[in-house]
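A.B. asks: Okay, here's the structure, questions in a sec.
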Amino acid sequence: MIETFRLTKRHRVLTAVEDLSFTAPDGQVTGFVGPNGSGKTSTMRIVVGLDRPTSGCATIDGRPSREHRSPQRVVGVVLDARGAPGGMTARGHLRWLAAAGRIPDRRADELLEEVGLAPAASRRIAALSLGMRQRLAIAATLLGDPGTLILDEPVNGLDPDGVRWVRHLVRRLAAEGRCVLVSSHLMAEMQQTADRVVVIGAGRLLGQFDIGDLEHGTSLEDAYLNLTAGAAEYRAAVTGRKRR
Ligand SMILES: Nc1ncnc2c1ncn2[C@@H]1O[C@H](COP(=O)(O)OP(=O)(O)OP(=O)(O)O)[C@@H](O)[C@H]1O
């Protein structure tokens with residue numbers, strides 16, 4: 001389970017996250033949504049221990065991420081699928097990560113098969129498409145068989161087949177009892193994927209609710225746009241002339 005309590009992150013004059021408390025339970029997919037620049041990635045970075053909060057705290061299974069002894073076995077994270085080293089092969093990269101976590105090589109090969117990358121295992125990462133890199137990044141998160149998954153916009157750049165694959169994968173991972181926190185800007189997709197949603201705007205919590213609690217006839221997109229109406233840093237005016 002992921003919990004944040006009064007989490008705040010300031011960068012000099014800018015406050016990226018402010019007084020944010022939310023829960024992402026085990027056995028569920030929790031959608032993490034908010035306008036561009038609302039603090040989703042900043043929050044995820046703190047949860048996995050890549051950044052320190054200015055105040056407040058974030059825990060995974062009751063402890064800050066840095067206090068877990070074998071982090072790879074506790075949490076898997078995809079923050080930027082383009083971050084993998086382009087000169088390595090897909091298999092080499094996964095095996096290298098496995099070795100770092102004292103995980104057997106065969107787990108890397110199993111995961112290449114599971115994410116559909118076995119035919120591309122010997123290709124250099126630089127030569128993989130964005131969708132293939134997303135699959136590789138997801139394979140890397142699963143190496144240590146962690147109980148918590150944090151995926152920042154995992155369907156970004158994926159074709160419809162890839163989007164459906166991610167949806168089924170995260171649903172299965174949650175059904176196995178894992179805590180899955182997924183950010184996305186695609187509300188229709190999130191409505192199909194998530195059990196519950198945490199909505200933030202300008203670093204603050206705007207709402208958290210179960211998808212099943214949406215009023216009949218209200219889409220997640222409607223609820224999201226209502227909640228974030230005053231919190232979007234950028235929202236284009238609705239333009240276009242009526243035809244005479
Ligand atoms: N290292 C940093 N230094 C200064 N400001 C930062 C830093 N990291 C993030 N920010 C700022 O914090 C705010 C929140 O950014 P963040 O990337 O967390 O938002 P986000 O919700 O993930 O956005 P998006 O949906 O566009 O990916 C933004 O205004 C961003 O410019």
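Identifiers in this document derive from the order of the structure tokens: chains are assigned A, B, ..., residues are numbered from 1 separately in each chain, and ligands are numbered from 1 in order of occurrence.
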Excluding Ala127 of chain A and residues on its chain fewer than 5 positions from it, collect all residues at most 12 Å away from it, counting only C-alpha atoms, and give them as a ChimeraX atom specification.

C.D. replies: /A:82,84-90,120-122,132-133

A.B. asks: Which of segment 3-43 of chain A counts as strand (DSSP E) under DSSP, as a PyMOL selection string please?

C.D. replies: chain A and resi 3-11+14-24+28-33

A.B. asks: Name each residue within 12 Å of ligand 1, counting only C-alpha atoms and all ligand atoms, as a PyMOL selection string.

C.D. replies: chain A and resi 8-18+32-46+50-53+79-80+151-154+156+182-186+199-205+231-234

A.B. asks: Which residues, written as a compact mmCIF listing (two decimals) with C-alpha atoms, in the first residue's frame, have at least one atom at most 7 Å from segment 92-102 of chain A, with only C-alpha atoms counted and residues fewer than 3 positions away on the same chain left out?

C.D. replies:
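Written output follows (out_21.txt):
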```txt
# COMPACT_ATOMS: atom_id res chain seq x y z
CA GLN A 72 13.52 -3.98 -6.33
CA MET A 88 22.55 -2.06 -24.60
CA THR A 89 20.35 -4.79 -25.98
CA ASP A 105 19.02 -14.23 -15.49
CA ALA A 108 14.88 -11.48 -17.47
CA ALA A 140 12.16 -4.06 -15.71
CA LEU A 143 12.03 -8.22 -12.29
```

A.B. asks: Give me the residues near Arg178 of chain A as an MDAnalysis selection string, where near means some atom within 9 Å (using only C-alpha atoms) and where sequence neighbours in that chain fewer than 5 positions away do not count.

C.D. replies: chainID A and resid 1 25:29 146:149 173
